[in-house]
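Enquirer: Just so it is clear, I am handing over structure34.csv, which has CSV, C-alpha atoms.
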chain,number,residue,atom,x,y,z
A,1,MET,CA,68.3,51.7,-201.5
A,2,ALA,CA,69.6,48.2,-202.2
A,3,ALA,CA,66.2,47.2,-203.6
A,4,VAL,CA,66.1,50.1,-206.0
A,5,ILE,CA,69.6,49.2,-207.2
A,6,ASP,CA,68.5,45.6,-207.7
A,7,VAL,CA,65.5,46.6,-209.7
A,8,ALA,CA,67.6,48.9,-211.8
A,9,SER,CA,70.3,46.4,-212.5
A,10,ALA,CA,67.8,43.7,-213.3
A,11,ARG,CA,66.2,46.0,-215.8
A,12,ALA,CA,69.6,46.8,-217.3
A,13,ALA,CA,70.3,43.1,-217.6
A,14,LEU,CA,66.9,42.4,-219.3
A,15,VAL,CA,67.5,45.3,-221.7
A,16,GLU,CA,70.9,43.9,-222.6
A,17,LYS,CA,69.5,40.4,-223.2
A,18,LEU,CA,66.6,41.8,-225.3
A,19,GLN,CA,69.1,43.9,-227.3
A,20,HIS,CA,71.2,40.8,-228.0
A,21,ALA,CA,68.2,38.9,-229.0
A,22,LEU,CA,67.1,41.7,-231.4
A,23,ASP,CA,70.6,42.0,-232.9
A,24,ALA,CA,70.7,38.2,-233.5
A,25,LEU,CA,67.3,38.3,-235.0
A,26,GLU,CA,68.2,41.1,-237.4
A,27,GLN,CA,71.4,39.3,-238.4
A,28,GLY,CA,69.4,36.1,-239.1
A,29,ASP,CA,71.2,34.3,-236.3
A,30,GLU,CA,68.4,31.9,-235.3
A,31,ALA,CA,70.4,29.9,-232.7
A,32,GLY,CA,71.5,33.2,-231.2
A,33,TRP,CA,68.1,34.8,-230.6
A,34,ARG,CA,66.7,31.5,-229.4
A,35,ARG,CA,69.5,31.3,-226.9
A,36,GLU,CA,68.9,34.8,-225.6
A,37,LEU,CA,65.1,34.3,-225.3
A,38,ASP,CA,65.7,30.9,-223.5
A,39,ALA,CA,68.0,32.8,-221.1
A,40,ILE,CA,65.2,35.3,-220.4
A,41,ALA,CA,62.6,32.6,-219.9
A,42,ALA,CA,64.9,30.7,-217.6
A,43,TRP,CA,65.6,33.8,-215.6
A,44,ARG,CA,61.8,34.4,-215.2
A,45,THR,CA,61.0,30.8,-214.2
A,46,GLN,CA,63.9,30.4,-211.8
A,47,PRO,CA,62.0,31.5,-208.6
A,48,MET,CA,59.2,29.1,-209.4
A,49,MET,CA,61.6,26.2,-210.0
A,50,GLN,CA,63.4,27.1,-206.8
A,51,GLY,CA,60.1,27.1,-205.0
A,52,LEU,CA,59.1,23.7,-206.4
A,53,GLY,CA,62.6,22.3,-205.6
A,54,ARG,CA,62.1,23.5,-202.0
A,55,LEU,CA,58.7,21.9,-201.9
A,56,ALA,CA,60.1,18.6,-203.2
A,57,ARG,CA,62.8,18.6,-200.6
A,58,GLU,CA,60.3,19.4,-197.8
A,59,LEU,CA,58.0,16.7,-198.9
A,60,ALA,CA,60.8,14.2,-199.0
A,61,GLN,CA,61.9,15.3,-195.5
A,62,THR,CA,58.4,15.1,-194.1
A,63,LEU,CA,57.6,11.7,-195.6
A,64,GLY,CA,61.1,10.3,-195.9
A,65,GLU,CA,62.7,11.0,-192.6
A,66,LEU,CA,63.7,7.4,-192.6
A,67,PRO,CA,67.0,5.6,-192.9
A,68,PRO,CA,68.2,5.2,-196.5
A,69,THR,CA,67.7,1.9,-198.2
A,70,HIS,CA,69.6,0.1,-200.8
A,71,ASP,CA,67.9,1.7,-203.8
A,72,GLY,CA,68.0,5.2,-202.3
A,73,HIS,CA,64.5,6.3,-203.3
A,74,ASP,CA,63.2,8.1,-200.2
A,75,LEU,CA,59.6,8.6,-201.3
A,76,ASN,CA,59.2,5.2,-202.8
A,77,ASP,CA,60.7,3.9,-199.6
A,78,ALA,CA,58.1,5.8,-197.5
A,79,CYS,CA,55.3,4.3,-199.6
A,80,ALA,CA,56.8,0.8,-199.3
A,81,ARG,CA,56.8,1.3,-195.5
A,82,LEU,CA,53.1,2.3,-195.6
A,83,ASP,CA,52.3,-0.8,-197.6
A,84,HIS,CA,54.2,-2.8,-195.0
A,85,VAL,CA,52.0,-1.2,-192.3
A,86,VAL,CA,49.0,-2.6,-194.0
A,87,GLU,CA,50.5,-6.0,-194.1
A,88,MET,CA,51.5,-5.9,-190.4
A,89,THR,CA,48.1,-4.8,-189.3
A,90,GLU,CA,46.6,-7.5,-191.5
A,91,GLN,CA,48.7,-10.2,-189.8
A,92,ALA,CA,47.9,-8.8,-186.3
A,93,SER,CA,44.2,-8.7,-187.1
A,94,HIS,CA,44.2,-12.3,-188.2
A,95,LYS,CA,46.0,-13.3,-185.1
A,96,THR,CA,43.4,-11.5,-183.0
A,97,LEU,CA,40.6,-13.2,-184.9
A,98,ASP,CA,42.3,-16.6,-184.4
A,99,LEU,CA,42.5,-16.0,-180.7
A,100,ALA,CA,38.9,-14.6,-180.4
A,101,GLU,CA,37.6,-17.7,-182.3
A,102,GLN,CA,39.6,-20.1,-180.0
A,103,CYS,CA,38.3,-18.3,-176.9
A,104,ARG,CA,34.8,-18.5,-178.1
A,105,GLY,CA,35.3,-22.2,-178.6
A,106,LEU,CA,36.5,-22.5,-175.0
A,107,ALA,CA,33.5,-20.4,-173.8
A,108,ASP,CA,31.2,-22.8,-175.7
A,109,GLN,CA,32.9,-25.8,-174.0
A,110,LEU,CA,32.3,-24.1,-170.6
A,111,LYS,CA,28.7,-23.6,-171.3
A,112,ALA,CA,28.3,-27.2,-172.3
A,113,GLY,CA,29.2,-28.2,-168.7
A,114,SER,CA,27.0,-27.8,-165.7
A,115,LEU,CA,27.1,-24.1,-164.8
A,116,SER,CA,25.0,-22.1,-162.4
A,117,ALA,CA,22.7,-19.5,-164.0
A,118,GLU,CA,25.1,-16.8,-162.8
A,119,GLN,CA,28.1,-18.5,-164.4
A,120,ALA,CA,26.2,-19.1,-167.6
A,121,GLN,CA,25.5,-15.4,-167.8
A,122,LEU,CA,29.1,-14.6,-167.3
A,123,VAL,CA,30.1,-17.0,-170.1
A,124,ASP,CA,27.6,-15.3,-172.4
A,125,GLY,CA,29.1,-11.9,-171.5
A,126,ILE,CA,32.6,-13.2,-172.4
A,127,ARG,CA,31.3,-14.7,-175.7
A,128,SER,CA,29.6,-11.5,-176.7
A,129,GLY,CA,32.8,-9.5,-175.8
A,130,LEU,CA,34.8,-11.8,-178.0
A,131,SER,CA,32.4,-11.2,-180.9
A,132,GLU,CA,32.7,-7.4,-180.5
A,133,MET,CA,36.5,-7.8,-180.4
A,134,ALA,CA,36.5,-9.7,-183.7
A,135,LEU,CA,34.2,-7.1,-185.3
A,136,ALA,CA,36.5,-4.3,-184.1
A,137,GLN,CA,39.2,-5.8,-186.3
A,138,SER,CA,37.5,-4.2,-189.3
A,139,TYR,CA,39.7,-1.2,-188.5
A,140,GLN,CA,42.4,-3.0,-190.5
A,141,ASP,CA,40.3,-2.7,-193.7
A,142,LEU,CA,39.4,0.9,-193.1
A,143,THR,CA,42.9,2.1,-192.1
A,144,GLY,CA,44.4,0.1,-194.9
A,145,GLN,CA,42.2,1.8,-197.5
A,146,ILE,CA,43.2,5.2,-196.1
A,147,ILE,CA,46.9,4.3,-196.1
A,148,ARG,CA,46.8,3.0,-199.7
A,149,ARG,CA,45.1,6.2,-200.8
A,150,VAL,CA,47.7,8.4,-199.2
A,151,ALA,CA,50.5,6.3,-200.6
A,152,GLY,CA,48.9,6.8,-204.1
A,153,ILE,CA,48.9,10.5,-203.7
A,154,VAL,CA,52.5,10.6,-202.5
A,155,ARG,CA,53.6,8.5,-205.5
A,156,ARG,CA,51.8,10.8,-207.9
A,157,VAL,CA,53.3,14.0,-206.4
A,158,HIS,CA,56.7,12.3,-206.5
A,159,GLU,CA,56.3,11.4,-210.2
A,160,GLY,CA,55.2,15.0,-210.9
A,161,PHE,CA,58.3,16.4,-209.4
A,162,GLY,CA,60.4,13.8,-211.2
A,163,ALA,CA,58.7,14.9,-214.5
A,164,LEU,CA,59.8,18.5,-213.8
A,165,GLY,CA,63.4,17.3,-213.6
A,166,LEU,CA,63.9,18.5,-210.1
A,167,PRO,CA,67.0,17.3,-208.4
A,168,PRO,CA,66.7,14.3,-206.0
A,169,PRO,CA,66.1,15.5,-202.4
A,170,GLU,CA,69.1,15.7,-200.0
A,171,LYS,CA,69.6,12.7,-197.9
A,172,LYS,CA,69.1,12.6,-194.2
A,173,ASP,CA,70.7,9.5,-192.8
A,174,ASN,CA,71.0,10.3,-189.1
A,175,GLY,CA,68.5,9.1,-186.5
A,176,LEU,CA,67.0,5.7,-185.7
A,177,ALA,CA,65.8,3.1,-188.1
A,178,GLY,CA,62.4,2.2,-186.5
A,179,PRO,CA,60.8,-1.2,-187.2
A,180,ALA,CA,62.6,-3.2,-189.8
A,181,VAL,CA,60.7,-3.6,-193.1
A,182,SER,CA,61.3,-7.0,-194.7
A,183,GLY,CA,62.6,-6.7,-198.2
A,184,LEU,CA,63.7,-3.1,-197.7
A,185,ASP,CA,65.9,-3.2,-194.6
A,186,LYS,CA,68.3,-5.9,-195.9
A,187,ASN,CA,70.7,-5.5,-193.0
A,188,ALA,CA,68.0,-5.8,-190.3
A,189,TYR,CA,68.8,-8.2,-187.4
A,190,SER,CA,66.5,-10.9,-186.2
A,191,GLN,CA,66.4,-11.8,-182.5
A,192,ASP,CA,68.6,-14.8,-183.3
A,193,ASP,CA,71.1,-12.5,-185.0
A,194,ALA,CA,71.1,-10.1,-182.0
A,195,ASP,CA,71.5,-13.0,-179.6
A,196,ASP,CA,74.5,-14.3,-181.6
A,197,LEU,CA,76.0,-10.9,-181.7
A,198,LEU,CA,75.5,-10.4,-178.0
A,199,SER,CA,77.0,-13.8,-177.0
A,200,GLY,CA,79.9,-13.0,-179.3
A,201,LEU,CA,80.4,-9.9,-177.2
A,202,GLY,CA,80.4,-12.0,-174.0
A,203,LEU,CA,76.8,-11.2,-172.9
B,1,MET,CA,12.4,-16.1,-200.6
B,2,THR,CA,12.6,-17.2,-197.0
B,3,ALA,CA,15.8,-16.9,-195.1
B,4,ASN,CA,17.0,-20.4,-195.8
B,5,LYS,CA,20.0,-20.9,-193.5
B,6,ASN,CA,21.7,-23.2,-196.0
B,7,MET,CA,21.8,-20.6,-198.7
B,8,ARG,CA,25.1,-20.3,-200.5
B,9,ILE,CA,26.7,-16.8,-199.9
B,10,LEU,CA,29.6,-15.3,-201.8
B,11,ILE,CA,31.7,-12.8,-199.7
B,12,VAL,CA,33.7,-10.4,-201.9
B,13,ASP,CA,36.3,-8.1,-200.4
B,14,ASP,CA,40.0,-7.4,-201.1
B,15,PHE,CA,40.9,-7.3,-197.4
B,16,SER,CA,41.1,-10.9,-196.0
B,17,THR,CA,40.4,-9.6,-192.5
B,18,MET,CA,37.1,-8.1,-193.6
B,19,ARG,CA,36.1,-11.3,-195.5
B,20,ARG,CA,36.8,-13.3,-192.4
B,21,ILE,CA,34.8,-10.9,-190.1
B,22,ILE,CA,31.8,-11.0,-192.4
B,23,LYS,CA,32.1,-14.8,-192.6
B,24,ASN,CA,32.1,-15.1,-188.8
B,25,LEU,CA,29.2,-12.7,-188.5
B,26,LEU,CA,27.2,-14.7,-191.0
B,27,ASN,CA,28.1,-17.9,-189.2
B,28,ASP,CA,26.8,-16.4,-185.9
B,29,LEU,CA,23.5,-15.7,-187.7
B,30,GLY,CA,23.4,-19.3,-188.8
B,31,TYR,CA,24.6,-18.9,-192.4
B,32,THR,CA,27.5,-21.3,-192.7
B,33,ASN,CA,27.6,-22.0,-196.4
B,34,THR,CA,29.9,-19.3,-197.6
B,35,SER,CA,32.7,-18.8,-200.1
B,36,GLU,CA,35.1,-15.9,-200.7
B,37,ALA,CA,36.4,-13.8,-203.6
B,38,ASP,CA,38.9,-10.9,-203.5
B,39,ASP,CA,37.5,-8.7,-206.3
B,40,GLY,CA,34.7,-8.5,-208.9
B,41,SER,CA,36.5,-10.7,-211.5
B,42,THR,CA,37.1,-13.6,-209.2
B,43,ALA,CA,33.6,-13.2,-207.9
B,44,ILE,CA,32.2,-13.5,-211.4
B,45,GLN,CA,34.3,-16.7,-211.9
B,46,ALA,CA,33.0,-18.1,-208.6
B,47,LEU,CA,29.4,-17.2,-209.5
B,48,ALA,CA,29.7,-19.0,-212.9
B,49,GLN,CA,30.9,-22.2,-211.1
B,50,GLY,CA,28.7,-22.4,-208.1
B,51,ASN,CA,25.1,-22.0,-207.3
B,52,PHE,CA,25.1,-18.9,-205.2
B,53,ASP,CA,22.0,-17.5,-203.6
B,54,PHE,CA,23.4,-14.3,-202.2
B,55,VAL,CA,26.3,-11.9,-202.7
B,56,VAL,CA,27.9,-9.6,-200.1
B,57,THR,CA,30.4,-7.3,-201.7
B,58,ASP,CA,32.8,-4.4,-201.0
B,59,TRP,CA,32.9,-1.5,-203.4
B,60,ASN,CA,36.5,-0.3,-203.6
B,61,MET,CA,38.7,-3.2,-204.8
B,62,PRO,CA,41.7,-3.3,-207.1
B,63,GLY,CA,40.8,-5.0,-210.3
B,64,MET,CA,37.0,-5.1,-210.8
B,65,THR,CA,35.1,-3.0,-208.3
B,66,GLY,CA,31.9,-3.9,-206.4
B,67,ILE,CA,29.7,-1.5,-208.4
B,68,ASP,CA,31.0,-3.1,-211.7
B,69,LEU,CA,30.3,-6.5,-210.2
B,70,LEU,CA,26.8,-5.4,-209.4
B,71,LYS,CA,26.3,-4.1,-212.9
B,72,ALA,CA,27.7,-7.4,-214.4
B,73,ILE,CA,25.4,-9.4,-212.2
B,74,ARG,CA,22.3,-7.4,-213.2
B,75,ALA,CA,23.3,-7.6,-216.9
B,76,ASP,CA,23.7,-11.4,-216.9
B,77,ASP,CA,20.5,-13.5,-217.3
B,78,ARG,CA,22.0,-16.3,-215.1
B,79,PHE,CA,22.5,-14.0,-212.1
B,80,LYS,CA,20.3,-10.9,-212.6
B,81,SER,CA,17.9,-11.8,-209.8
B,82,LEU,CA,20.7,-12.6,-207.3
B,83,PRO,CA,20.4,-10.5,-204.1
B,84,VAL,CA,23.4,-8.2,-203.6
B,85,LEU,CA,24.3,-6.6,-200.3
B,86,MET,CA,27.0,-3.9,-200.5
B,87,VAL,CA,29.3,-3.6,-197.4
B,88,THR,CA,31.6,-0.6,-198.0
B,89,ALA,CA,33.4,2.3,-196.6
B,90,GLU,CA,32.1,4.5,-199.4
B,91,ALA,CA,29.7,6.7,-197.6
B,92,LYS,CA,28.9,9.5,-200.2
B,93,ARG,CA,25.3,10.1,-201.0
B,94,GLU,CA,25.9,9.9,-204.8
B,95,GLN,CA,27.5,6.5,-204.4
B,96,ILE,CA,24.7,5.1,-202.4
B,97,ILE,CA,22.3,6.4,-205.1
B,98,GLU,CA,24.5,4.9,-207.8
B,99,ALA,CA,24.3,1.5,-206.1
B,100,ALA,CA,20.6,1.7,-205.7
B,101,GLN,CA,20.1,2.7,-209.3
B,102,ASN,CA,22.1,-0.3,-210.4
B,103,GLY,CA,19.8,-2.6,-208.4
B,104,VAL,CA,21.6,-3.2,-205.1
B,105,ASN,CA,19.4,-4.9,-202.4
B,106,GLY,CA,21.1,-3.4,-199.4
B,107,TYR,CA,23.9,-1.1,-198.4
B,108,ILE,CA,26.0,-1.2,-195.2
B,109,ILE,CA,28.7,1.4,-194.4
B,110,LYS,CA,31.8,0.3,-192.7
B,111,PRO,CA,32.5,0.2,-189.8
B,112,PHE,CA,29.3,-1.7,-189.0
B,113,THR,CA,27.8,-3.7,-186.2
B,114,ALA,CA,26.6,-7.3,-186.1
B,115,GLN,CA,23.1,-5.9,-185.5
B,116,THR,CA,23.2,-3.8,-188.7
B,117,LEU,CA,24.1,-6.8,-190.7
B,118,GLU,CA,21.3,-8.9,-189.2
B,119,GLU,CA,18.8,-6.1,-189.8
B,120,LYS,CA,19.8,-5.5,-193.4
B,121,LEU,CA,19.7,-9.2,-194.2
B,122,GLY,CA,16.3,-9.5,-192.6
B,123,LYS,CA,15.0,-6.6,-194.6
B,124,ILE,CA,16.3,-8.0,-197.9
B,125,PHE,CA,14.7,-11.4,-197.3
B,126,GLU,CA,11.4,-9.7,-196.2
B,127,ARG,CA,11.2,-7.7,-199.4
B,128,LEU,CA,12.2,-10.6,-201.6
B,129,GLY,CA,9.5,-12.7,-199.8
B,130,ALA,CA,6.9,-10.0,-200.4
B,131,ALA,CA,7.8,-9.7,-204.1
B,132,ALA,CA,7.7,-13.5,-204.7
When written as structure tokens, how does the structure in this file appear?

Expert:
Amino acid sequence: MAAVIDVASARAALVEKLQHALDALEQGDEAGWRRELDAIAAWRTQPMMQGLGRLARELAQTLGELPPTHDGHDLNDACARLDHVVEMTEQASHKTLDLAEQCRGLADQLKAGSLSAEQAQLVDGIRSGLSEMALAQSYQDLTGQIIRRVAGIVRRVHEGFGALGLPPPEKKDNGLAGPAVSGLDKNAYSQDDADDLLSGLGL
Amino acid sequence: MTANKNMRILIVDDFSTMRRIIKNLLNDLGYTNTSEADDGSTAIQALAQGNFDFVVTDWNMPGMTGIDLLKAIRADDRFKSLPVLMVTAEAKREQIIEAAQNGVNGYIIKPFTAQTLEEKLGKIFERLGAAA
């Protein structure tokens, strides 16, 4: 029954608006009939805008369940964090490559000494393992490309929602911060900061 | 062309880790005369300055891409016969065809093994030697 009443009242409201628009048009009141038609258009698109608004918020929550930063742009913040992941893996990969090269140098020194055939074989095994380890660092390039692509998509969707004039997503500022991102988490503590704080607390 | 181990090789990739990995692999194969560039434009600048014998390039790079670098190399009288090996994550059939149509000498899909690199290099030199 309620649904039937809703449909009937919605129809009555539409008839009323159309009637007003028609009256205004007949009286030459351009601003009036435009206002009525705009109201009808807004009424028709409201469910869609609500749906898009919900999508924008869900997207922000999925990608932006991160502590707020100084500029307060959740989605840009999520993308900045993805960029940071690429930098972190790059640094870690270089460190692994440094160590693999060092160890290969050490293996070469070992081989230059007098080794038994069995020992020489073991050193060869270590050397080839180190080469494989270095090659495996190519994951950094591949994952980095994928992350950059996803960040690009997120930025475009975010811009699309912004162009529709959707309200900024609600903030969620509970929960833990996760790894500090330099340049974004301005209040992040270094180990030295933490040590200072702890000793100040008598620990 | 024989596989002259002193040949000058330009490694082009926007990821410094990948440049380093390729450089190390080439060193292991005995090619120690390498330089690096981080996209097509810087590669062109390097090519104009140095006497390079071989180019190893990525495809997807910000700025000038590897395919545009390949086209630029083939369109320039100074470099047009320079061998180009593409090492890229782009694994679509059409892209491999596009690279081939633009005169690439070899195509390696990331991630790759040291053995693949050695094989492709060998194949390129073999073909160039046969053509000479």

Enquirer: Please identify every residue of chain B that has at least one atom no more than 8 Å from any atom of chain A, counting all atoms listed in the file, and report them as a PDB file with C-alpha atoms, keeping the file's coordinate frame.

Expert:
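As written to disk, iface.pdb reads:
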ATOM      1  CA  PHE B  15      40.900  -7.300-197.400  1.00  0.00           C
ATOM      2  CA  SER B  16      41.100 -10.900-196.000  1.00  0.00           C
ATOM      3  CA  THR B  17      40.400  -9.600-192.500  1.00  0.00           C
ATOM      4  CA  MET B  18      37.100  -8.100-193.600  1.00  0.00           C
ATOM      5  CA  ILE B  21      34.800 -10.900-190.100  1.00  0.00           C
ATOM      6  CA  ALA B  89      33.400   2.300-196.600  1.00  0.00           C
ATOM      7  CA  LYS B 110      31.800   0.300-192.700  1.00  0.00           C
ATOM      8  CA  PRO B 111      32.500   0.200-189.800  1.00  0.00           C
ATOM      9  CA  THR B 113      27.800  -3.700-186.200  1.00  0.00           C
ATOM     10  CA  ALA B 114      26.600  -7.300-186.100  1.00  0.00           C
TER      11      ALA B 114
END

Enquirer: With distances taken over all atoms listed in the file, which of B:Leu10, B:Val87, B:Ala37, B:Leu29 is nearest to Gly122 (chain B)?

Expert: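 Of all the options, B:Leu29 lies closest to Gly122 (chain B).
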
Enquirer: I need the residue nearest Gly162 (chain A) from this list: A:Leu18, A:Val7, A:Ala56, A:Ala42. Use all atoms listed in the file for the distance.

Expert: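 Closest to Gly162 (chain A), using all atoms listed in the file: A:Ala56.
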
Enquirer: For the atom pair CA of Thr143 (chain A) and CA of Lys23 (chain B), what is the interatomic distance in Å to one decimal place?

Expert: 20.1 Å

Enquirer: Return the single residue from B:Gly50, B:Gly66, B:Pro83, B:Gly103 that is closest to Ala3 (chain B), with distances computed using all atoms listed in the file.

Expert: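 The answer is B:Pro83, which sits nearest to Ala3 (chain B).
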
Enquirer: Which value, in Å to one decimal, gives the distance between CA of Lys71 (chain B) and CA of Val84 (chain B)?

Expert: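 Distance between the two atoms: 10.6 Å.
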
Enquirer: Quote the spacing between CA of Ile67 (chain B) and CA of Glu98 (chain B) in Å to one decimal place.

Expert: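 Separating CA of Ile67 (chain B) from CA of Glu98 (chain B) is a distance of 8.3 Å.
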
Enquirer: Nearest to Asp98 (chain A): which of B:Arg74, B:Lys80, B:Arg20, B:Tyr31 is it, counting all atoms listed in the file?

Expert: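 Once distances to Asp98 (chain A) are computed over all atoms listed in the file, the minimum belongs to B:Arg20.
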